[in-house]
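Content type JSON, C-alpha atoms, from the file entry-v1.json:
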```
[["chain", "number", "residue", "atom", "x", "y", "z"],
["A", 1, "MET", "CA", 27.50, 37.23, -6.70],
["A", 2, "GLY", "CA", 28.93, 36.83, -10.21],
["A", 3, "SER", "CA", 28.41, 38.91, -13.35],
["A", 4, "GLY", "CA", 27.93, 36.20, -15.95],
["A", 5, "PRO", "CA", 24.68, 35.75, -17.91],
["A", 6, "ALA", "CA", 22.72, 34.63, -14.83],
["A", 7, "GLY", "CA", 24.06, 37.39, -12.57],
["A", 8, "LEU", "CA", 23.49, 40.13, -15.13],
["A", 9, "SER", "CA", 19.93, 38.89, -15.70],
["A", 10, "VAL", "CA", 19.15, 38.94, -11.98],
["A", 11, "ALA", "CA", 20.68, 42.42, -11.64],
["A", 12, "TYR", "CA", 18.82, 43.84, -14.64],
["A", 13, "ALA", "CA", 15.42, 42.44, -13.67],
["A", 14, "LEU", "CA", 15.63, 43.48, -10.00],
["A", 15, "ASN", "CA", 16.90, 46.93, -10.92],
["A", 16, "GLN", "CA", 13.88, 47.34, -13.20],
["A", 17, "ARG", "CA", 11.69, 46.48, -10.21],
["A", 18, "GLY", "CA", 13.22, 49.33, -8.20],
["A", 19, "HIS", "CA", 15.76, 47.52, -6.01],
["A", 20, "GLN", "CA", 19.29, 48.78, -5.37],
["A", 21, "ILE", "CA", 21.75, 46.31, -6.89],
["A", 22, "THR", "CA", 25.45, 45.59, -6.28],
["A", 23, "VAL", "CA", 27.20, 42.98, -8.41],
["A", 24, "PHE", "CA", 30.42, 41.39, -7.13],
["A", 25, "GLU", "CA", 32.81, 39.91, -9.70],
["A", 26, "LYS", "CA", 35.96, 37.85, -9.14],
["A", 27, "GLU", "CA", 37.63, 38.95, -12.39],
["A", 28, "ASP", "CA", 38.93, 42.41, -13.31],
["A", 29, "SER", "CA", 35.95, 43.12, -15.62],
["A", 30, "PRO", "CA", 32.24, 42.25, -15.44],
["A", 31, "GLY", "CA", 30.74, 39.72, -17.83],
["A", 32, "GLY", "CA", 31.82, 36.39, -16.41],
["A", 33, "LEU", "CA", 31.66, 33.61, -18.98],
["A", 34, "LEU", "CA", 30.53, 36.10, -21.62],
["A", 35, "MET", "CA", 33.66, 38.21, -21.17],
["A", 36, "TYR", "CA", 36.41, 35.68, -20.61],
["A", 37, "GLY", "CA", 34.97, 32.22, -21.26],
["A", 38, "ILE", "CA", 33.83, 32.77, -24.85],
["A", 39, "PRO", "CA", 36.49, 33.80, -27.42],
["A", 40, "ASN", "CA", 36.23, 37.08, -29.33],
["A", 41, "MET", "CA", 35.49, 35.37, -32.66],
["A", 42, "LYS", "CA", 32.28, 33.96, -31.15],
["A", 43, "LEU", "CA", 31.27, 36.98, -29.07],
["A", 44, "GLU", "CA", 32.89, 40.39, -29.54],
["A", 45, "LYS", "CA", 33.61, 41.96, -26.17],
["A", 46, "GLU", "CA", 32.40, 45.40, -27.25],
["A", 47, "ILE", "CA", 28.88, 43.96, -27.05],
["A", 48, "ILE", "CA", 29.37, 42.92, -23.42],
["A", 49, "GLN", "CA", 31.09, 46.16, -22.46],
["A", 50, "ARG", "CA", 28.25, 48.18, -24.02],
["A", 51, "ARG", "CA", 25.67, 46.26, -21.99],
["A", 52, "ILE", "CA", 27.65, 46.72, -18.76],
["A", 53, "GLN", "CA", 27.83, 50.47, -19.41],
["A", 54, "LEU", "CA", 24.06, 50.61, -19.90],
["A", 55, "LEU", "CA", 23.48, 48.72, -16.64],
["A", 56, "GLU", "CA", 25.81, 51.10, -14.82],
["A", 57, "LYS", "CA", 23.92, 54.11, -16.19],
["A", 58, "GLU", "CA", 20.72, 52.51, -14.92],
["A", 59, "GLY", "CA", 22.16, 52.52, -11.39],
["A", 60, "ILE", "CA", 23.65, 49.03, -10.98],
["A", 61, "GLN", "CA", 26.98, 49.04, -9.12],
["A", 62, "PHE", "CA", 29.79, 46.65, -10.11],
["A", 63, "GLN", "CA", 32.65, 45.72, -7.77],
["A", 64, "CYS", "CA", 35.38, 43.71, -9.51],
["A", 65, "ASN", "CA", 38.42, 41.83, -8.19],
["A", 66, "VAL", "CA", 36.35, 40.61, -5.23],
["A", 67, "ASN", "CA", 36.69, 36.98, -4.15],
["A", 68, "VAL", "CA", 33.45, 36.13, -2.40],
["A", 69, "GLY", "CA", 34.17, 34.30, 0.83],
["A", 70, "ILE", "CA", 37.72, 35.69, 0.97],
["A", 71, "ASP", "CA", 37.59, 39.45, 0.37],
["A", 72, "ILE", "CA", 34.05, 39.68, 1.70],
["A", 73, "SER", "CA", 32.48, 37.13, 4.03],
["A", 74, "LYS", "CA", 29.07, 35.54, 4.08],
["A", 75, "GLU", "CA", 28.36, 37.29, 7.40],
["A", 76, "GLU", "CA", 29.21, 40.70, 5.96],
["A", 77, "LEU", "CA", 27.01, 40.11, 2.94],
["A", 78, "THR", "CA", 23.98, 38.88, 4.86],
["A", 79, "LYS", "CA", 24.28, 41.79, 7.30],
["A", 80, "GLU", "CA", 24.51, 44.48, 4.62],
["A", 81, "TYR", "CA", 22.13, 43.15, 1.94],
["A", 82, "ASP", "CA", 18.49, 42.05, 2.05],
["A", 83, "ALA", "CA", 18.97, 39.26, -0.52],
["A", 84, "ILE", "CA", 21.91, 37.51, -2.15],
["A", 85, "ALA", "CA", 21.88, 35.75, -5.54],
["A", 86, "MET", "CA", 24.64, 33.18, -6.01],
["A", 87, "CYS", "CA", 25.39, 33.27, -9.74],
["A", 88, "ILE", "CA", 29.04, 32.28, -9.56],
["A", 89, "GLY", "CA", 28.93, 29.58, -12.21],
["A", 90, "SER", "CA", 30.15, 25.99, -12.12],
["A", 91, "LYS", "CA", 33.80, 26.79, -12.69],
["A", 92, "LYS", "CA", 35.76, 24.07, -10.91],
["A", 93, "PRO", "CA", 37.50, 22.25, -13.80],
["A", 94, "ARG", "CA", 37.81, 18.48, -14.05],
["A", 95, "ASP", "CA", 41.50, 17.62, -13.89],
["A", 96, "LEU", "CA", 43.56, 14.77, -15.35],
["A", 97, "VAL", "CA", 45.69, 12.48, -13.26],
["A", 98, "PHE", "CA", 49.13, 11.58, -14.58],
["A", 99, "GLU", "CA", 52.73, 11.89, -13.46],
["A", 100, "ASN", "CA", 54.35, 15.35, -13.80],
["A", 101, "ARG", "CA", 50.93, 17.04, -13.94],
["A", 102, "ASP", "CA", 52.48, 20.35, -12.74],
["A", 103, "THR", "CA", 54.88, 20.59, -15.70],
["A", 104, "LYS", "CA", 55.07, 23.91, -17.55],
["A", 105, "GLY", "CA", 52.92, 24.07, -20.66],
["A", 106, "ILE", "CA", 49.83, 22.42, -19.15],
["A", 107, "TYR", "CA", 46.76, 24.62, -18.61],
["A", 108, "PHE", "CA", 43.06, 24.35, -17.98],
["A", 109, "ALA", "CA", 41.24, 25.42, -21.14],
["A", 110, "VAL", "CA", 39.23, 28.25, -19.59],
["A", 111, "ASP", "CA", 42.38, 29.71, -18.00],
["A", 112, "TYR", "CA", 44.05, 29.66, -21.41],
["A", 113, "LEU", "CA", 41.06, 31.27, -23.16],
["A", 114, "THR", "CA", 40.74, 33.87, -20.38],
["A", 115, "ASN", "CA", 44.38, 34.90, -20.67],
["A", 116, "VAL", "CA", 44.14, 35.14, -24.46],
["A", 117, "THR", "CA", 41.12, 37.45, -24.20],
["A", 118, "LYS", "CA", 42.85, 39.61, -21.57],
["A", 119, "HIS", "CA", 45.85, 39.85, -23.89],
["A", 120, "LEU", "CA", 43.67, 41.02, -26.79],
["A", 121, "ILE", "CA", 41.82, 43.59, -24.66],
["A", 122, "LYS", "CA", 44.53, 44.81, -22.30],
["A", 123, "GLY", "CA", 47.80, 43.61, -23.74],
["A", 124, "SER", "CA", 48.56, 41.42, -20.73],
["A", 125, "LYS", "CA", 50.98, 38.49, -20.97],
["A", 126, "THR", "CA", 49.57, 35.20, -22.21],
["A", 127, "GLU", "CA", 50.61, 31.71, -23.22],
["A", 128, "SER", "CA", 50.77, 31.62, -27.02],
["A", 129, "ALA", "CA", 50.34, 28.56, -29.20],
["A", 130, "LYS", "CA", 52.47, 30.10, -31.96],
["A", 131, "GLY", "CA", 54.85, 27.53, -33.44],
["A", 132, "LYS", "CA", 53.75, 24.86, -30.94],
["A", 133, "HIS", "CA", 52.24, 21.39, -31.16],
["A", 134, "VAL", "CA", 48.94, 21.73, -29.27],
["A", 135, "VAL", "CA", 46.98, 18.86, -27.71],
["A", 136, "ILE", "CA", 43.49, 19.52, -26.34],
["A", 137, "VAL", "CA", 41.72, 17.07, -24.04],
["A", 138, "GLY", "CA", 37.96, 17.36, -24.48],
["A", 139, "GLY", "CA", 35.61, 17.31, -27.44],
["A", 140, "GLY", "CA", 33.03, 19.87, -26.30],
["A", 141, "ASP", "CA", 32.49, 23.55, -27.06],
["A", 142, "THR", "CA", 35.40, 24.69, -24.88],
["A", 143, "GLY", "CA", 37.76, 22.25, -26.58],
["A", 144, "ASN", "CA", 36.57, 23.49, -29.97],
["A", 145, "ASP", "CA", 37.21, 27.09, -28.89],
["A", 146, "CYS", "CA", 40.77, 26.10, -27.97],
["A", 147, "VAL", "CA", 41.25, 24.57, -31.42],
["A", 148, "GLY", "CA", 40.15, 27.80, -33.13],
["A", 149, "THR", "CA", 42.17, 30.00, -30.77],
["A", 150, "SER", "CA", 45.40, 28.00, -31.13],
["A", 151, "ILE", "CA", 45.09, 28.09, -34.92],
["A", 152, "ARG", "CA", 44.65, 31.87, -34.85],
["A", 153, "GLN", "CA", 47.79, 32.11, -32.72],
["A", 154, "GLY", "CA", 49.73, 30.18, -35.35],
["A", 155, "CYS", "CA", 50.19, 26.71, -33.86],
["A", 156, "LYS", "CA", 52.30, 24.12, -35.71],
["A", 157, "SER", "CA", 49.71, 21.38, -35.20],
["A", 158, "VAL", "CA", 46.56, 20.75, -33.16],
["A", 159, "THR", "CA", 45.09, 17.48, -31.89],
["A", 160, "GLN", "CA", 41.81, 17.20, -30.01],
["A", 161, "ILE", "CA", 41.17, 13.99, -28.08],
["A", 162, "GLU", "CA", 37.84, 12.68, -26.84],
["A", 163, "MET", "CA", 37.18, 9.67, -24.56],
["A", 164, "MET", "CA", 33.79, 8.83, -26.09],
["A", 165, "PRO", "CA", 33.28, 7.01, -29.43],
["A", 166, "GLU", "CA", 32.80, 9.00, -32.62],
["A", 167, "PRO", "CA", 29.08, 9.83, -33.04],
["A", 168, "PRO", "CA", 27.24, 8.46, -36.08],
["A", 169, "LYS", "CA", 26.91, 10.69, -39.14],
["A", 170, "ASP", "CA", 23.16, 10.05, -39.31],
["A", 171, "ARG", "CA", 20.45, 9.56, -36.69],
["A", 172, "LEU", "CA", 20.11, 6.10, -35.22],
["A", 173, "ALA", "CA", 16.72, 4.48, -34.81],
["A", 174, "SER", "CA", 17.19, 4.91, -31.05],
["A", 175, "ASN", "CA", 17.50, 8.69, -31.51],
["A", 176, "PRO", "CA", 14.33, 9.74, -33.39],
["A", 177, "TRP", "CA", 12.95, 13.25, -33.92],
["A", 178, "PRO", "CA", 12.16, 15.37, -31.91],
["A", 179, "GLU", "CA", 15.04, 14.27, -29.68],
["A", 180, "TRP", "CA", 18.27, 16.27, -29.95],
["A", 181, "PRO", "CA", 20.23, 14.71, -32.85],
["A", 182, "LYS", "CA", 23.20, 12.76, -31.44],
["A", 183, "VAL", "CA", 25.19, 12.89, -34.64],
["A", 184, "LEU", "CA", 28.68, 13.96, -35.66],
["A", 185, "LYS", "CA", 29.06, 17.74, -35.88],
["A", 186, "THR", "CA", 32.03, 19.60, -37.25],
["A", 187, "ASP", "CA", 32.23, 22.98, -35.52],
["A", 188, "TYR", "CA", 34.16, 26.05, -36.66],
["A", 189, "GLY", "CA", 37.38, 25.02, -34.88],
["A", 190, "GLN", "CA", 37.49, 21.62, -36.56],
["A", 191, "GLN", "CA", 36.54, 23.18, -39.91],
["A", 192, "GLU", "CA", 39.44, 25.60, -39.64],
["A", 193, "ALA", "CA", 41.84, 22.79, -38.65],
["A", 194, "ILE", "CA", 40.76, 20.84, -41.73],
["A", 195, "ALA", "CA", 41.34, 23.93, -43.90],
["A", 196, "VAL", "CA", 44.78, 24.69, -42.38],
["A", 197, "PHE", "CA", 46.19, 21.20, -41.71],
["A", 198, "GLY", "CA", 44.14, 19.10, -44.12],
["A", 199, "LYS", "CA", 42.55, 16.82, -41.52],
["A", 200, "ASP", "CA", 40.04, 16.71, -38.70],
["A", 201, "PRO", "CA", 41.92, 17.26, -35.41],
["A", 202, "ARG", "CA", 39.75, 14.88, -33.38],
["A", 203, "LEU", "CA", 40.82, 11.45, -32.12],
["A", 204, "TYR", "CA", 38.07, 9.44, -30.42],
["A", 205, "GLU", "CA", 38.15, 6.86, -27.61],
["A", 206, "ARG", "CA", 41.49, 8.13, -26.37],
["A", 207, "THR", "CA", 43.03, 9.70, -23.31],
["A", 208, "ILE", "CA", 46.48, 10.66, -22.06],
["A", 209, "LYS", "CA", 48.44, 7.87, -20.40],
["A", 210, "GLU", "CA", 51.66, 9.76, -19.71],
["A", 211, "ILE", "CA", 53.66, 12.81, -20.71],
["A", 212, "GLU", "CA", 57.33, 13.34, -21.57],
["A", 213, "VAL", "CA", 59.16, 16.26, -19.97],
["A", 214, "LYS", "CA", 62.31, 17.99, -21.18],
["A", 215, "ASN", "CA", 63.94, 20.97, -19.44],
["A", 216, "ASP", "CA", 60.92, 21.23, -17.10],
["A", 217, "LYS", "CA", 58.54, 21.66, -20.05],
["A", 218, "ILE", "CA", 56.15, 19.26, -21.70],
["A", 219, "LYS", "CA", 57.61, 17.70, -24.86],
["A", 220, "SER", "CA", 55.17, 14.95, -25.89],
["A", 221, "VAL", "CA", 52.16, 12.95, -24.75],
["A", 222, "THR", "CA", 51.45, 9.25, -25.00],
["A", 223, "LEU", "CA", 47.85, 8.56, -25.93],
["A", 224, "THR", "CA", 46.03, 5.29, -25.38],
["A", 225, "LYS", "CA", 42.71, 3.98, -26.60],
["A", 226, "VAL", "CA", 40.06, 3.44, -23.94],
["A", 227, "GLN", "CA", 36.94, 1.35, -23.58],
["A", 228, "PHE", "CA", 34.20, 1.41, -20.98],
["A", 229, "ILE", "CA", 33.39, -1.86, -19.24],
["A", 230, "ASN", "CA", 30.55, -1.83, -16.68],
["A", 231, "GLY", "CA", 30.82, 1.95, -16.56],
["A", 232, "LYS", "CA", 34.56, 1.94, -15.82],
["A", 233, "MET", "CA", 37.22, 3.21, -18.21],
["A", 234, "LYS", "CA", 39.95, 0.75, -19.17],
["A", 235, "PHE", "CA", 43.12, 1.27, -21.21],
["A", 236, "VAL", "CA", 43.43, -0.86, -24.35],
["A", 237, "LYS", "CA", 46.78, -2.61, -24.23],
["A", 238, "GLY", "CA", 49.07, -2.10, -27.21],
["A", 239, "SER", "CA", 47.18, 1.02, -28.41],
["A", 240, "GLU", "CA", 49.73, 3.59, -27.20],
["A", 241, "GLN", "CA", 50.57, 6.44, -29.56],
["A", 242, "LYS", "CA", 53.20, 9.11, -28.87],
["A", 243, "ILE", "CA", 52.73, 12.57, -30.40],
["A", 244, "PRO", "CA", 54.66, 15.85, -29.93],
["A", 245, "CYS", "CA", 53.10, 18.36, -27.53],
["A", 246, "ASP", "CA", 54.40, 21.75, -26.41],
["A", 247, "LEU", "CA", 51.06, 22.99, -25.08],
["A", 248, "LEU", "CA", 48.48, 20.76, -23.37],
["A", 249, "LEU", "CA", 45.02, 22.22, -22.73],
["A", 250, "ILE", "CA", 42.56, 20.40, -20.45],
["A", 251, "ALA", "CA", 38.94, 20.96, -21.52],
["A", 252, "ALA", "CA", 37.47, 17.94, -19.75],
["A", 253, "GLY", "CA", 34.43, 19.69, -18.33],
["A", 254, "PHE", "CA", 33.54, 21.10, -14.92],
["A", 255, "ILE", "CA", 32.62, 19.59, -11.57],
["A", 256, "GLY", "CA", 30.63, 22.32, -9.90],
["A", 257, "VAL", "CA", 31.09, 25.30, -7.61],
["A", 258, "GLU", "CA", 34.62, 26.27, -6.63],
["A", 259, "ASP", "CA", 35.78, 25.05, -3.23],
["A", 260, "ASP", "CA", 36.48, 28.40, -1.55],
["A", 261, "VAL", "CA", 32.93, 29.69, -2.09],
["A", 262, "LYS", "CA", 31.37, 26.37, -1.10],
["A", 263, "LYS", "CA", 33.35, 26.37, 2.13],
["A", 264, "ALA", "CA", 32.62, 30.03, 2.91],
["A", 265, "PHE", "CA", 28.83, 29.75, 2.52],
["A", 266, "ALA", "CA", 28.32, 26.22, 3.90],
["A", 267, "LEU", "CA", 25.11, 25.65, 1.91],
["A", 268, "ASP", "CA", 23.71, 22.25, 1.00],
["A", 269, "MET", "CA", 25.28, 20.89, -2.18],
["A", 270, "SER", "CA", 23.85, 18.53, -4.81],
["A", 271, "PRO", "CA", 25.64, 15.43, -6.22],
["A", 272, "ARG", "CA", 26.74, 17.73, -9.09],
["A", 273, "ASN", "CA", 28.38, 20.04, -6.55],
["A", 274, "THR", "CA", 25.86, 22.82, -7.13],
["A", 275, "PHE", "CA", 23.76, 24.76, -4.62],
["A", 276, "VAL", "CA", 20.64, 22.94, -3.45],
["A", 277, "THR", "CA", 17.47, 25.03, -3.43],
["A", 278, "LYS", "CA", 13.94, 24.36, -2.23],
["A", 279, "PRO", "CA", 11.70, 22.35, -4.63],
["A", 280, "ASN", "CA", 10.64, 24.42, -7.67],
["A", 281, "SER", "CA", 12.47, 27.39, -6.20],
["A", 282, "TYR", "CA", 15.74, 29.31, -6.40],
["A", 283, "GLN", "CA", 15.86, 29.91, -2.64],
["A", 284, "THR", "CA", 18.40, 27.96, -0.57],
["A", 285, "LYS", "CA", 17.91, 26.72, 2.99],
["A", 286, "GLU", "CA", 18.94, 30.22, 4.13],
["A", 287, "THR", "CA", 16.06, 32.49, 3.22],
["A", 288, "LYS", "CA", 18.23, 35.45, 2.18],
["A", 289, "ILE", "CA", 20.34, 33.42, -0.24],
["A", 290, "PHE", "CA", 19.24, 32.34, -3.73],
["A", 291, "ALA", "CA", 21.08, 30.53, -6.53],
["A", 292, "ALA", "CA", 20.71, 30.61, -10.32],
["A", 293, "GLY", "CA", 22.54, 29.64, -13.49],
["A", 294, "ASP", "CA", 25.32, 27.06, -13.60],
["A", 295, "ALA", "CA", 25.80, 27.30, -9.82],
["A", 296, "HIS", "CA", 22.22, 26.01, -9.52],
["A", 297, "ARG", "CA", 21.67, 23.66, -12.47],
["A", 298, "GLY", "CA", 25.27, 22.71, -13.35],
["A", 299, "GLN", "CA", 27.26, 23.57, -16.45],
["A", 300, "SER", "CA", 24.81, 24.43, -19.21],
["A", 301, "LEU", "CA", 23.95, 26.90, -21.96],
["A", 302, "VAL", "CA", 24.01, 30.70, -21.75],
["A", 303, "VAL", "CA", 20.30, 30.84, -22.60],
["A", 304, "TRP", "CA", 19.51, 28.64, -19.58],
["A", 305, "ALA", "CA", 21.57, 30.93, -17.33],
["A", 306, "ILE", "CA", 19.66, 33.98, -18.60],
["A", 307, "HIS", "CA", 16.31, 32.23, -18.08],
["A", 308, "GLU", "CA", 17.22, 31.13, -14.56],
["A", 309, "GLY", "CA", 18.45, 34.63, -13.73],
["A", 310, "LEU", "CA", 15.14, 36.19, -14.78],
["A", 311, "GLU", "CA", 13.08, 33.61, -12.89],
["A", 312, "CYS", "CA", 15.27, 33.95, -9.81],
["A", 313, "ALA", "CA", 14.81, 37.73, -9.89],
["A", 314, "LYS", "CA", 11.02, 37.30, -9.80],
["A", 315, "GLU", "CA", 11.31, 35.10, -6.73],
["A", 316, "ILE", "CA", 13.70, 37.51, -4.98],
["A", 317, "ASP", "CA", 11.36, 40.41, -5.74],
["A", 318, "THR", "CA", 8.43, 38.52, -4.21],
["A", 319, "TYR", "CA", 10.52, 37.66, -1.16],
["A", 320, "LEU", "CA", 11.71, 41.27, -0.71],
["A", 321, "MET", "CA", 8.26, 42.76, -1.07],
["A", 322, "GLY", "CA", 6.92, 40.32, 1.52],
["A", 323, "TYR", "CA", 9.86, 41.15, 3.78],
["A", 324, "THR", "CA", 9.20, 44.89, 3.38],
["A", 325, "ASN", "CA", 5.52, 44.44, 4.21],
["A", 326, "LEU", "CA", 6.41, 42.53, 7.37],
["A", 327, "GLU", "CA", 8.64, 45.39, 8.45]]
```

Please render this file's structure as structure tokens.
Amino acid sequence: MGSGPAGLSVAYALNQRGHQITVFEKEDSPGGLLMYGIPNMKLEKEIIQRRIQLLEKEGIQFQCNVNVGIDISKEELTKEYDAIAMCIGSKKPRDLVFENRDTKGIYFAVDYLTNVTKHLIKGSKTESAKGKHVVIVGGGDTGNDCVGTSIRQGCKSVTQIEMMPEPPKDRLASNPWPEWPKVLKTDYGQQEAIAVFGKDPRLYERTIKEIEVKNDKIKSVTLTKVQFINGKMKFVKGSEQKIPCDLLLIAAGFIGVEDDVKKAFALDMSPRNTFVTKPNSYQTKETKIFAAGDAHRGQSLVVWAIHEGLECAKEIDTYLMGYTNLE
């Protein structure tokens, strides 16, 4: 289930071990995050398409436009297949709460990036940032990708807001080597914004307090500084700042497996809203069903998804061979 980096790794490894593999994908093309979650300038789609074609020639079957739990049920899957690998990602986006949230011009970041990639590949209709004031909520990789994409589309301005404080430029004593350096990094999107607009697009310790709507479309956003007291976020009075906004992109992270799949499979879920597996295992409480990648460990790096996919495949292979011997 799912043809992202984890799903493709499971499929490849099990196919090499002689099993017959079918990959179900919700989108119209295989690749998952690699195809539609990462912009072309970071990962050219010809590379993904070439790999999919090789996997197809090796005998792996791909079925796209299939919503697991809706178009095909858990009961149908467990009846037809000897093992199921849940590699559907952690794609439920974290939303923002403010009045007029459903106004036109407000999108989740991954939806925006997906539509842009589909437009480049297939010419489908997409929301363009051309000539618009763009505001992006979220300072992570996805937010940075939105900065770079909106600049390439010809935006009039771009602002990226982040709730956390600005990281230090140098390591603190509390963050020694070999720990990951928690220092300020300027990624390609911010570098391009500096080159085009003459300034870093990031504003720290801020969030959106309210939006202004005109003719059913977003016109501006009012930002406010925030501070965290006893783990709770508080608005700083008198810190409001109103800026123009024609396109608001929410890149505030993800909160686990999507609701329809969770409901359809009724598996145990972790506090991070990911599938619970047995200790040191990828197998869920239902022996036929396994989980790997972001659906198992939460939102993480592509390399982790690939690693988990390969390890999960080993465990599925062991399970299937034992099952075959019992038969």

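Minimum atom-to-atom distances from A:Ala109, A:Ile243, A:Ala193, A:Leu223 to Thr142 of chain A were compared using all atoms listed in the file, and the lowest value belongs to A:Ala109.
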
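Comparing A:Pro181, A:Ala11, A:Asn40, A:Glu76 by their smallest distance to Leu55 of chain A, the closest is A:Ala11 (using all atoms listed in the file).
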
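Here atom CA of Lys217 of chain A and atom CA of Phe235 of chain A stand 25.6 Å from one another.
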
If we count only C-alpha atoms and set the cut-off at 12 Å, which residues sit around Ala295 of chain A, ignoring sequence neighbours fewer than 3 positions away in its own chain? Please answer as a count of residues only.
42

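Nearest to Lys45 of chain A of all the residues A:Leu96, A:Ile121, A:Ala13, A:Leu8 is A:Ile121, based on all atoms listed in the file.
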
Which residues come within 8 Å of Asp145 of chain A, counting all atoms listed in the file, excluding same-chain residues fewer than 5 positions away, as a PyMOL selection string?
chain A and resi 38-39+189

If I put a ball of radius 12 Å at (27.6, 45.9, -19.5) in the file's coordinates, which residues poke into it when counting only C-alpha atoms, written as a ChimeraX atom specification?
/A:3-5,7-9,11-12,23,29-32,34-35,45-62

Identify the residues around (32.1, 17.5, -26.0) within a radius of 9 Å, measuring from only C-alpha atoms in the coordinates stated by the file, and give them as a PDB file with C-alpha atoms, keeping the file's coordinate frame.
```pdb
ATOM      1  CA  GLY A 138      37.960  17.360 -24.480  1.00  0.00           C
ATOM      2  CA  GLY A 139      35.610  17.310 -27.440  1.00  0.00           C
ATOM      3  CA  GLY A 140      33.030  19.870 -26.300  1.00  0.00           C
ATOM      4  CA  ASP A 141      32.490  23.550 -27.060  1.00  0.00           C
ATOM      5  CA  THR A 142      35.400  24.690 -24.880  1.00  0.00           C
ATOM      6  CA  GLY A 143      37.760  22.250 -26.580  1.00  0.00           C
ATOM      7  CA  ASN A 144      36.570  23.490 -29.970  1.00  0.00           C
ATOM      8  CA  GLU A 162      37.840  12.680 -26.840  1.00  0.00           C
ATOM      9  CA  MET A 164      33.790   8.830 -26.090  1.00  0.00           C
ATOM     10  CA  ALA A 251      38.940  20.960 -21.520  1.00  0.00           C
ATOM     11  CA  ALA A 252      37.470  17.940 -19.750  1.00  0.00           C
ATOM     12  CA  GLY A 253      34.430  19.690 -18.330  1.00  0.00           C
TER      13      GLY A 253
END
```

Check the smallest atom-to-atom distance from each of A:Lys185, A:Lys237, A:Arg101, A:His119 to Lys225 of chain A using all atoms listed in the file, then report the winner.
A:Lys237

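For the atom pair formed by atom CA of Lys122 of chain A and atom CA of Glu27 of chain A, the distance is 13.4 Å, given to one decimal.
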
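Distance annotation: of A:Glu311, A:Asp200, A:Glu25, A:Asp187, the residue with the minimal separation from Lys42 of chain A is A:Asp187; atom set is only C-alpha atoms.
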
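Atom CA of Ile289 of chain A sits 17.6 Å away from atom CA of Ile70 of chain A.
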
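Residue nearest Lys214 of chain A within the list A:Asn15, A:Ser150, A:Gln190, A:Asn100: A:Asn100 [criterion: smallest interatomic distance, all atoms listed in the file].
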
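Residues in contact with Arg206 of chain A at 10 Å, where only C-alpha atoms are counted and same-chain residues fewer than 3 positions away are skipped, are listed as Val137, Gln160, Ile161, Glu162, Met163, Met164, Pro165, Arg202, Leu203, Lys209, Leu223, Thr224, Lys225, Val226, Gln227, Phe235, Val236, Ser239, Glu240 and Gln241 of chain A.
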